[in-house]
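**Student:** Let me give you the structure first, and then I'll get to my questions.
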Amino acid sequence: MIYETEETREYRHHLSRWVDERLKPRAEELDNSGEFSIELFREIGELGYLGTMYSEEAGGSGLKKPYTCFTILCEELARASVGFAAGVCMQGSTSTHTLHAWGDEEVKTNFFLPALKGEKIGAFAITEPNAGSDAASLKTKAQKTEGGWLLNGTKVFTTNGTVADFLTVVATTDPALKAKGLELFLVDKTSPGFSVGRKLDKFSVHCSDTAELIFENVFVPDNRRLNNGSGSSFLNAYQALTVDRIFTAALAIGVGRAAYDASLQYIQDRKQFGQPVGKFQAVQFRQVEMLAKLEAARLYTYHAANLADQSKDITREAALAKIIAAENCNEVCHMAMLNYGGWGLMNEFPVQRFLRDSYFPMVGGGTGDIMRMIVARQIGL
């Protein structure tokens, strides 16, 4: 690819081998059980992949192109299991970024560094039953008390929710301020008053742990309010984590690749009317259309990641990458299922899982409509 370097090629090579040897053989099992693999998660941490985006000084990998490499991480894991990839990518980005940016030494020693090693699992709790993209309407409240804050509220759709050792929770300190009143609070799962309401059952990304969380007078010490004193920590994090849309696009590309490769192999092997079905023009055209959509998604997503590595404003590019990759790769997975014919509906072939999982990047991290609103503002509408 145009944005590849020796560093990114080597990164992909070693990661791809681990995916083929360790994750891919267990993908179907994980999907059927619906369990997030702690064992494989620990392996990823031991290998250093959770520190991809951070400097050596901070305890990370110290890569020259951290955003491109993290995009590769999301893509490669997702071509085997989008569910597992979602949990890992949450750890390596959203759930650790705020600790790195605004945590003190206690936070970094007890949470951030163990998270990079895979010894602790993190989550980012923002969405509520009645507030998703409209963050200004969040109801989870943080009330000041002696030595810290008391959190009360409920969160839903929290990735890694039931397995997390710690959570970064978005809560309002003053509802009248709307989004400007939102702050980030680090909660240890052992804190009295914190509980998992239920593990949520999904039709997609089965092994991505997703939970409802309950906070009842959960005490958070002052030093675990993640704020450096410059305005709302949530708004600061929101700006910094725009890049996560690129990573969600990479998840889509990963599952799109898996569907494309499986479909290509199938239409070469499957015979009807005395020849492989790949010899029929309708099937050929569909396969080529899949490739065109997949390559367009890959090129734009890595273009956006390359801009992020240059510290450029990527608000528009990240949202566009998510739109293009999520929607293109969902279509790729749908066309792959069509190429399988009746077998595409059977659970013994993974193409039905690819299609199910391809819906996650279309919704996770902001729907396509929200992404279009962001781009509309960027072009002056």
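Identifiers for the structure tokens are assigned positionally: chains receive A, B, ... in sequence, residues are indexed from 1 per chain, and ligands are indexed from 1 in the order shown.
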Would you please give, as an NGL selection string, all residues of range 131-375 of chain A that DSSP assigns to alpha helix (DSSP H) based on the backbone?
**Tutor:** :A and (233-240 or 244-269 or 281-309 or 315-339 or 351-357 or 360-363 or 368-375)
**Student:** List every residue of range 59-272 of chain A that DSSP, applied to the backbone of this structure, assigns to strand (DSSP E or B), and report them as a PyMOL selection string.
**Tutor:** chain A and resi 122-125+128+131+141-145+148-159+166-172+182-188+194-199+210-221+225+271-272
**Student:** Under the rule that only C-alpha atoms are counted, which of A:Met90, A:Val169, A:Leu177, A:Ile379 is the nearest residue to Ala142 in chain A?
**Tutor:** A:Val169
**Student:** Between A:Pro175, A:Gly181, A:Gly59, A:Gly153, single out the one closest to Gly193 in chain A, counting only C-alpha atoms.
**Tutor:**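 For Gly193 in chain A, the nearest of the given residues is A:Gly153.
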**Student:** Could you pull the residues within 8 Å of range 149-151 of chain A, counting only C-alpha atoms, minus those fewer than 3 positions along the same chain, as a tab-separated table (two decimals) with N, CA and C atoms, in the first residue's frame?
**Tutor:**
```tsv
chain	number	residue	atom	x	y	z
A	140	THR	N	-26.13	10.27	34.16
A	140	THR	CA	-25.26	9.80	35.24
A	140	THR	C	-24.60	11.00	35.90
A	141	LYS	N	-24.76	11.08	37.21
A	141	LYS	CA	-24.39	12.30	37.92
A	141	LYS	C	-23.19	12.07	38.83
A	142	ALA	N	-22.32	13.07	38.88
A	142	ALA	CA	-21.18	13.06	39.80
A	142	ALA	C	-21.36	14.22	40.78
A	143	GLN	N	-21.51	13.88	42.04
A	143	GLN	CA	-21.74	14.91	43.07
A	143	GLN	C	-20.52	15.01	43.96
A	144	LYS	N	-20.06	16.25	44.18
A	144	LYS	CA	-18.86	16.45	45.00
A	144	LYS	C	-19.13	16.10	46.44
A	145	THR	N	-18.16	15.41	47.02
A	145	THR	CA	-18.23	15.06	48.43
A	145	THR	C	-16.82	15.16	48.99
A	146	GLU	N	-16.66	14.99	50.26
A	146	GLU	CA	-15.36	15.16	50.88
A	146	GLU	C	-14.35	14.15	50.31
A	171	ALA	N	-19.71	11.35	33.31
A	171	ALA	CA	-20.81	11.76	34.19
A	171	ALA	C	-20.89	13.28	34.21
A	215	PHE	N	-24.35	2.33	38.82
A	215	PHE	CA	-23.54	3.08	39.79
A	215	PHE	C	-24.48	3.65	40.86
A	216	GLU	N	-24.29	3.20	42.09
A	216	GLU	CA	-25.11	3.65	43.21
A	216	GLU	C	-24.21	4.19	44.31
A	217	ASN	N	-24.08	5.50	44.35
A	217	ASN	CA	-23.20	6.16	45.31
A	217	ASN	C	-21.79	5.59	45.29
A	218	VAL	N	-21.25	5.44	44.08
A	218	VAL	CA	-19.89	4.93	43.92
A	218	VAL	C	-18.91	6.07	44.20
A	219	PHE	N	-18.05	5.87	45.19
A	219	PHE	CA	-17.09	6.91	45.56
A	219	PHE	C	-15.87	6.85	44.64
A	220	VAL	N	-15.51	8.02	44.10
A	220	VAL	CA	-14.32	8.15	43.25
A	220	VAL	C	-13.42	9.21	43.88
A	221	PRO	N	-12.19	8.84	44.28
A	221	PRO	CA	-11.28	9.83	44.88
A	221	PRO	C	-10.98	10.98	43.92
A	222	ASP	N	-10.63	12.11	44.48
A	222	ASP	CA	-10.36	13.31	43.67
A	222	ASP	C	-9.32	13.06	42.58
```
**Student:** What's around range 305-322 of chain A at 9 Å? Count only C-alpha atoms, leave out sequence neighbours fewer than 5 positions away in its own chain, and write the answer as an NGL selection string.
**Tutor:** :A and (3 or 64-71 or 239 or 242-250 or 252 or 297-298 or 300 or 327 or 361-362 or 368 or 370-372 or 374-379)
**Student:** Mind giving me the straight-line distance from CA of Ala336 in chain A to CA of Phe157 in chain A in Å, one decimal?
**Tutor:**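 Separating CA of Ala336 in chain A from CA of Phe157 in chain A is a distance of 28.6 Å.
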**Student:** Please identify all polymer residues within 9 Å of range 256-269 of chain A, counting only C-alpha atoms, omitting same-chain residues fewer than 3 positions from it, and present them as JSON, numbers by chain.
**Tutor:** {"A": [75, 78, 79, 80, 251, 252, 253, 276, 277, 278, 279, 283, 284, 287, 290, 291, 294, 325, 328, 329, 330, 331, 332, 333, 334, 335, 336, 337, 339, 340, 350, 351, 354, 355, 358]}
**Student:** Residues of range 149-236 of chain A that have any atom at most 10 Å from an atom of range 17-36 of chain A: could you tabulate them with the shortest-distance atom pair and the distance in Å to one decimal, using only C-alpha atoms, ordered by chain and increasing number, as a tab-separated table?
**Tutor:**
```
residue	atom	partner	partner_atom	distance
A:Asn160	CA	A:Phe36	CA	8.3
A:Thr162	CA	A:Phe36	CA	9.8
A:Val163	CA	A:Phe36	CA	8.2
A:Asp201	CA	A:Gly34	CA	8.7
A:Lys202	CA	A:Gly34	CA	9.2
A:Ser204	CA	A:Asp31	CA	9.1
A:Val205	CA	A:Asp31	CA	7.2
A:His206	CA	A:Gly34	CA	4.7
A:Cys207	CA	A:Gly34	CA	4.2
A:Ser208	CA	A:Phe36	CA	5.9
A:Asp209	CA	A:Phe36	CA	6.0
A:Thr210	CA	A:Phe36	CA	9.8
```
**Student:** Just the selected residues (N, CA and C atoms), exported as a short mmCIF file (atom, residue, chain, number, x, y, z; two decimals), in the first residue's frame, please.
**Tutor:**
```cif
data_model
loop_
_atom_site.label_atom_id
_atom_site.label_comp_id
_atom_site.auth_asym_id
_atom_site.auth_seq_id
_atom_site.Cartn_x
_atom_site.Cartn_y
_atom_site.Cartn_z
N ASN A 160 -16.51 -4.50 26.96
CA ASN A 160 -15.67 -5.03 28.06
C ASN A 160 -16.33 -4.84 29.42
N THR A 162 -18.47 -6.45 31.49
CA THR A 162 -18.50 -7.45 32.57
C THR A 162 -17.11 -7.96 32.93
N VAL A 163 -16.14 -7.80 32.04
CA VAL A 163 -14.79 -8.33 32.31
C VAL A 163 -13.82 -7.24 32.75
N ASP A 201 -27.22 -9.37 25.23
CA ASP A 201 -27.20 -10.40 24.18
C ASP A 201 -27.36 -9.73 22.83
N LYS A 202 -26.42 -9.98 21.90
CA LYS A 202 -26.41 -9.30 20.61
C LYS A 202 -26.50 -10.30 19.46
N SER A 204 -24.86 -9.69 16.75
CA SER A 204 -23.58 -9.46 16.10
C SER A 204 -22.47 -9.49 17.16
N VAL A 205 -21.22 -9.67 16.70
CA VAL A 205 -20.03 -9.68 17.56
C VAL A 205 -20.29 -10.35 18.91
N HIS A 206 -20.66 -11.61 18.85
CA HIS A 206 -21.07 -12.34 20.05
C HIS A 206 -20.02 -12.34 21.15
N CYS A 207 -18.73 -12.46 20.79
CA CYS A 207 -17.72 -12.58 21.83
C CYS A 207 -17.16 -11.23 22.28
N SER A 208 -17.75 -10.15 21.80
CA SER A 208 -17.43 -8.84 22.35
C SER A 208 -18.31 -8.63 23.57
N ASP A 209 -17.68 -8.54 24.73
CA ASP A 209 -18.43 -8.40 25.98
C ASP A 209 -19.10 -7.03 26.03
N THR A 210 -20.43 -7.01 26.19
CA THR A 210 -21.19 -5.76 26.20
C THR A 210 -22.15 -5.78 27.38
#
```
**Student:** For Glu128 in chain A, which residue among A:Ala211, A:Lys178, A:Phe84, A:Thr52 is the nearest when counting only C-alpha atoms?
**Tutor:**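 Of A:Ala211, A:Lys178, A:Phe84, A:Thr52, the one nearest Glu128 in chain A, counting only C-alpha atoms, is A:Ala211.
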**Student:** Using only C-alpha atoms, which of A:Lys293, A:His97, A:Lys139, A:Arg353 sits nearest Gly60 in chain A?
**Tutor:** A:His97
**Student:** What is the CA of Gly161 in chain A-CA of Leu15 in chain A distance in Å, reported with one decimal?
**Tutor:**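 The value is 25.9 Å.
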**Student:** Determine, counting only C-alpha atoms, which protein, DNA and RNA residues have an atom within 9 Å of an atom of Lys120 in chain A; residues of the same chain fewer than 3 positions away are not included. Present the result as JSON, numbers by chain.
**Tutor:** {"A": [42, 111, 112, 113, 114, 115, 116, 117, 164, 165, 166]}
**Student:** Can those selected residues be exported to a file as a short mmCIF file (atom, residue, chain, number, x, y, z; two decimals), in the first residue's frame so that it contains N, CA and C atoms?
**Tutor:**
```cif
data_model
loop_
_atom_site.label_atom_id
_atom_site.label_comp_id
_atom_site.auth_asym_id
_atom_site.auth_seq_id
_atom_site.Cartn_x
_atom_site.Cartn_y
_atom_site.Cartn_z
N ARG A 42 -4.64 -11.72 27.12
CA ARG A 42 -3.38 -11.64 27.86
C ARG A 42 -2.19 -11.82 26.90
N PHE A 111 -3.21 1.37 37.00
CA PHE A 111 -4.21 1.05 35.97
C PHE A 111 -3.63 1.10 34.56
N PHE A 112 -2.99 2.21 34.19
CA PHE A 112 -2.54 2.37 32.81
C PHE A 112 -1.48 1.33 32.41
N LEU A 113 -0.41 1.24 33.18
CA LEU A 113 0.67 0.31 32.82
C LEU A 113 0.21 -1.15 32.85
N PRO A 114 -0.54 -1.59 33.87
CA PRO A 114 -1.07 -2.96 33.82
C PRO A 114 -1.99 -3.20 32.63
N ALA A 115 -2.71 -2.16 32.21
CA ALA A 115 -3.59 -2.30 31.04
C ALA A 115 -2.79 -2.52 29.76
N LEU A 116 -1.67 -1.83 29.63
CA LEU A 116 -0.84 -2.00 28.43
C LEU A 116 -0.22 -3.40 28.37
N LYS A 117 -0.02 -4.01 29.53
CA LYS A 117 0.55 -5.35 29.58
C LYS A 117 -0.51 -6.44 29.46
N ALA A 164 -14.24 -5.99 32.73
CA ALA A 164 -13.33 -4.87 33.01
C ALA A 164 -12.90 -4.84 34.48
N ASP A 165 -11.64 -4.50 34.68
CA ASP A 165 -11.11 -4.27 36.02
C ASP A 165 -11.28 -2.81 36.42
N PHE A 166 -11.37 -1.94 35.42
CA PHE A 166 -11.60 -0.52 35.68
C PHE A 166 -12.40 0.08 34.53
#
```
**Student:** With only C-alpha atoms as the basis for distance, which of A:Ile72, A:Leu213, A:Leu338, A:Ala85 is at the shortest distance from Asp357 in chain A?
**Tutor:**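 Between A:Ile72, A:Leu213, A:Leu338, A:Ala85, the residue approaching Asp357 in chain A most closely is A:Ala85.
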